[in-house]
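Student: The structure follows.
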Number of protein chains: 2
Amino acid sequence: MIIFYSDNVTPSMLTLTPEESAHCVRVLRHRVGDDICVVDGRGNMYECRLADADPKAATAAISRVHNDWNSRPYHLVVAVCPTKNGDRMEWFVEKAVELGVDEIVPLLAERSERRQFRKERLEKIALSAAKQSLKAQLPRIRDAVTLPEFLEKGGAGLKMIACCYDGPDYPRRSIVGALSAYLASCPPDSAPVYDSNAESGRREPSADSSCPPSPKKEITILIGPEGDFSEVELAAALRAGYIPVHLGPSRLRTETAALMGVSAVYSAFID
Amino acid sequence: MIIFYSDNVTPSMLTLTPEESAHCVRVLRHRVGDDICVVDGRGNMYECRLADADPKAATAAISRVHNDWNSRPYHLVVAVCPTKNGDRMEWFVEKAVELGVDEIVPLLAERSERRQFRKERLEKIALSAAKQSLKAQLPRIRDAVTLPEFLEKGGAGLKMIACCYDGPDYPRRSIVGALSAYLASCPPDSAPVYDSNAESGRREPSADSSCPPSPKKEITILIGPEGDFSEVELAAALRAGYIPVHLGPSRLRTETAALMGVSAVYSAFID
């Protein structure tokens with residue numbers, strides 16, 4: 001199944017971006033009348049019929065709309081310090097999007113060595129990974145912020161800070177334990193889990209299919225730089241309601257730690 | 001903490017490989033008398049004192065040996081079809097080793113497009129990742145085998161084949177469910193979990209620290225090529241005692257699916 005992207009959708013028609021148009025018409029040789037699937041990056045998937053095979057602005061007639069297509073039962077924000085090697089950050093973005101992430105926030109911490117990142121490049125990688133892994137919702141790549149700036153925004157739900165040492169008067173627990181405790185604290189009928197249809201990604205309430213779909217679980221993970229967060233930063237995060245977690249016994253690179261966090265959340269919602 | 005590697009260890013002395021010697025003496029400027037930590041790739045870590053700062057064959061006197069250092073409570077074998085893009089396989093090896101894997105077997109399936117891989121390159125990446133993530137046991141990169149050849153070897157413990165459709169008369173369960181059911185089936189005192197010391201990676205029996213360490217849990221995961229295993233291959237794996245599992249709702253690239261498997265196992269053993 002191949003997915004195209006459009007940022008120009010009307011109720012009846014949509015136009016592919018120049019890049020997507022070229023891929024659809026020049027590379028994949030689609031012709032007028034072909035059925036194609038298009039996502040808008042805002043959660044909707046459109047079954048369409050190609051109406052104009054313009055390699056710079058292909059247009060298609062919308063025959064069916066799928067709202068909230070392949071959506072997740074959670075909203076995951078990962079604030080991670082950019083890696084010294086830019087490729088590693090790009091790799092993380094691709095893999096995180098494949099598994100499922102909603103917002104990636106480049107975080108500037110005391111010990112951050114790298115303070116720049118190529119946002120447009122990351123957005124391009126995120127779009128490609130979202131299409132490849134059949135996501136209709138395009139994750140947001142945020143502008144870089146300092147930890148204090150990020151903490152000021154507050155945030156709801158389960159807020160975790162990954163660190164390599166226990167916090168002041170606050171021992172770490174594993175991210176796995178923190179996630180299961182959080183989900184166990186939710187009312188049974190408000191903890192949807194994925195069904196086993198790995199193709200469609202449909203999700204249904206865990207037990208009683210008659211219970212209403214629940215609001216998405218809000219989950220935030222902070223991943224520090226090589227050298228970890230400072231004690232001052234950890235204390236500030238704890239004051240802001242974050243709980244300190246560890247990612248298991250392995251010493252992980254920054255991008256691996258961040259992906260381990262995304263994977264732990266993804267796993268926690270698999271039935 | 002920096003770890004060096006030696007494949008030449010006597011009871012009292014060890015010699016670093018030429019590459020490690022250069023890194024120790026030329027790059028990190030270690031001098032005679034410096035204390036260094038060395039692993040042998042067979043599970044042992046040696047506290048040593050540099051005796052000869054030869055940049056081609058540095059030798060060190062062993063002051064203390066740590067057997068089974070930072071070991072895992074499981075033995076994980078991942079048989080994965082090489083990706084078309086060699087970089088993706090190399091990336092998988094690095095990340096799998098960081099999280100923890102014992103054997104990586106390049107698998108040749110019916111729909112495998114790529115049938116070659118650079119074993120030496122993968123071994124070099126595995127060594128580097130093992131040192132970086134403080135592993136004393138070096139994972140094995142096996143020679144490529146066909147699926148029938150691999151299945152003939154039998155194997156013990158939990159054997160899973162990841163696939164995108166249910167097996168004949170055998171519905172898939174999630175890898176998370178399969179792992180928890182397997183661990184739940186082990187006697188309580190034989191299911192060790194990591195403690196929360198993410199630095200040392202020490203592990204202790206889950207509940208009663210007086211109970212003896214248990215044998216490692218044997219876990220095998222088969223990851224197919226782009227296009228998945230064929231029905232014939234899946235049926236053969238089921239006959240060989242593998243259970244079909246899914247990796248959740250996202251459509252994952254081969255290397256992402258393989259790492260998701262490694263991460264799910266890693267998470268299942270975190271307390």
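Each chain in the structure tokens gets a letter, A, B, ..., in the order shown, and its residues are numbered from 1; ligands are numbered from 1 in order too.
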Ile175 (chain A): which residues within 8 Å, counting only C-alpha atoms, same-chain residues fewer than 5 positions away excluded, as a VMD selection string?
Tutor: chain A and resid 160 245 to 247 261 264
Student: Would you please work out which residue, of B:Ser263, B:Thr220, B:Ser185, B:Asn8, is nearest to chain A when using only C-alpha atoms?
Tutor: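 Selected residue with least distance to chain A: B:Ser263.
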Student: Leaving out region 39-46 of chain B and any residue of its chain fewer than 2 positions from it, which residues lie within 9 Å of it when counting only C-alpha atoms, given as an MDAnalysis selection string?
Tutor: chainID B and resid 3:9 36:37 48 62:71 127 130:131 134:139
Student: Given the selection you just returned, output its residues as a file containing N, CA, C and O atoms, formatted as a CSV table (one decimal), in the first residue's frame.
Tutor:
```csv
chain,number,residue,atom,x,y,z
B,3,ILE,N,35.9,1.2,27.9
B,3,ILE,CA,36.2,-0.2,27.9
B,3,ILE,C,37.1,-0.5,26.7
B,3,ILE,O,36.8,-0.1,25.6
B,4,PHE,N,38.1,-1.3,26.9
B,4,PHE,CA,38.9,-1.8,25.8
B,4,PHE,C,38.7,-3.3,25.6
B,4,PHE,O,38.1,-4.0,26.5
B,5,TYR,N,39.1,-3.8,24.4
B,5,TYR,CA,38.9,-5.2,24.1
B,5,TYR,C,40.2,-5.9,23.9
B,5,TYR,O,41.2,-5.4,23.3
B,6,SER,N,40.3,-7.2,24.4
B,6,SER,CA,41.4,-8.0,24.2
B,6,SER,C,41.0,-9.4,23.8
B,6,SER,O,40.1,-10.0,24.5
B,7,ASP,N,41.7,-10.0,22.8
B,7,ASP,CA,41.4,-11.4,22.5
B,7,ASP,C,42.6,-12.3,22.9
B,7,ASP,O,42.7,-13.4,22.5
B,8,ASN,N,43.4,-11.7,23.7
B,8,ASN,CA,44.7,-12.4,24.1
B,8,ASN,C,44.9,-12.2,25.6
B,8,ASN,O,45.5,-11.3,26.1
B,9,VAL,N,44.2,-13.1,26.4
B,9,VAL,CA,44.2,-12.9,27.9
B,9,VAL,C,44.9,-14.2,28.5
B,9,VAL,O,44.5,-15.3,28.2
B,36,ILE,N,43.1,0.6,33.5
B,36,ILE,CA,42.1,0.5,32.4
B,36,ILE,C,41.2,-0.7,32.6
B,36,ILE,O,41.5,-1.6,33.4
B,37,CYS,N,40.1,-0.6,32.0
B,37,CYS,CA,39.1,-1.8,32.0
B,37,CYS,C,39.1,-2.4,30.7
B,37,CYS,O,39.0,-1.8,29.6
B,48,CYS,N,42.7,-3.6,35.0
B,48,CYS,CA,44.1,-3.8,34.7
B,48,CYS,C,44.9,-2.6,35.0
B,48,CYS,O,44.4,-1.5,35.1
B,62,ILE,N,46.6,-7.9,35.0
B,62,ILE,CA,45.3,-8.0,35.5
B,62,ILE,C,45.2,-7.9,37.0
B,62,ILE,O,45.9,-8.7,37.7
B,63,SER,N,44.5,-7.0,37.6
B,63,SER,CA,44.4,-6.9,39.0
B,63,SER,C,43.1,-7.5,39.6
B,63,SER,O,43.0,-7.9,40.7
B,64,ARG,N,42.1,-7.5,38.7
B,64,ARG,CA,40.8,-8.1,39.2
B,64,ARG,C,40.0,-8.5,38.0
B,64,ARG,O,40.0,-7.9,37.0
B,65,VAL,N,39.3,-9.7,38.2
B,65,VAL,CA,38.4,-10.2,37.1
B,65,VAL,C,37.0,-10.2,37.6
B,65,VAL,O,36.7,-10.6,38.7
B,66,HIS,N,36.1,-9.7,36.7
B,66,HIS,CA,34.7,-9.8,36.9
B,66,HIS,C,34.1,-10.7,35.9
B,66,HIS,O,34.0,-10.4,34.7
B,67,ASN,N,33.7,-11.9,36.3
B,67,ASN,CA,33.1,-12.9,35.4
B,67,ASN,C,31.6,-12.5,35.2
B,67,ASN,O,31.0,-11.9,36.1
B,68,ASP,N,31.1,-12.9,34.0
B,68,ASP,CA,29.7,-12.7,33.8
B,68,ASP,C,29.3,-11.2,34.0
B,68,ASP,O,28.2,-11.0,34.5
B,69,TRP,N,30.1,-10.3,33.6
B,69,TRP,CA,30.0,-8.9,33.9
B,69,TRP,C,28.8,-8.3,33.1
B,69,TRP,O,28.7,-8.5,31.9
B,70,ASN,N,27.9,-7.6,33.8
B,70,ASN,CA,26.8,-6.9,33.1
B,70,ASN,C,26.0,-7.9,32.2
B,70,ASN,O,25.5,-7.6,31.1
B,71,SER,N,25.9,-9.2,32.7
B,71,SER,CA,25.2,-10.2,31.9
B,71,SER,C,23.7,-10.0,31.9
B,71,SER,O,23.2,-9.3,32.8
B,127,LEU,N,31.3,-4.9,18.0
B,127,LEU,CA,32.3,-4.8,19.0
B,127,LEU,C,32.3,-3.3,19.6
B,127,LEU,O,32.3,-3.1,20.8
B,130,ALA,N,29.2,-2.9,21.7
B,130,ALA,CA,29.3,-3.7,22.9
B,130,ALA,C,30.2,-2.9,23.9
B,130,ALA,O,29.8,-2.8,25.1
B,131,LYS,N,31.3,-2.4,23.5
B,131,LYS,CA,32.2,-1.6,24.4
B,131,LYS,C,31.4,-0.3,24.8
B,131,LYS,O,31.4,0.0,26.0
B,134,LEU,N,28.9,-1.0,27.5
B,134,LEU,CA,29.4,-1.8,28.6
B,134,LEU,C,29.0,-3.3,28.6
B,134,LEU,O,28.5,-3.8,29.6
B,135,LYS,N,29.2,-3.9,27.5
B,135,LYS,CA,28.9,-5.4,27.5
B,135,LYS,C,30.3,-6.1,27.4
B,135,LYS,O,31.2,-5.8,26.7
B,136,ALA,N,30.4,-7.2,28.3
B,136,ALA,CA,31.6,-8.0,28.3
B,136,ALA,C,31.4,-9.2,27.3
B,136,ALA,O,32.4,-9.8,26.9
B,137,GLN,N,30.2,-9.5,27.0
B,137,GLN,CA,29.9,-10.6,26.1
B,137,GLN,C,29.7,-10.0,24.7
B,137,GLN,O,28.8,-9.2,24.5
B,138,LEU,N,30.6,-10.4,23.7
B,138,LEU,CA,30.4,-9.9,22.4
B,138,LEU,C,29.4,-10.8,21.6
B,138,LEU,O,29.5,-12.0,21.6
B,139,PRO,N,28.4,-10.1,21.0
B,139,PRO,CA,27.4,-10.9,20.3
B,139,PRO,C,28.0,-11.6,19.0
B,139,PRO,O,29.0,-11.0,18.5
```
Student: To one decimal in Å, tell me the separation between CA of Val105 (chain A) and CA of Pro73 (chain A).
Tutor: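 Pair CA of Val105 (chain A) / CA of Pro73 (chain A) returns 20.4 Å.
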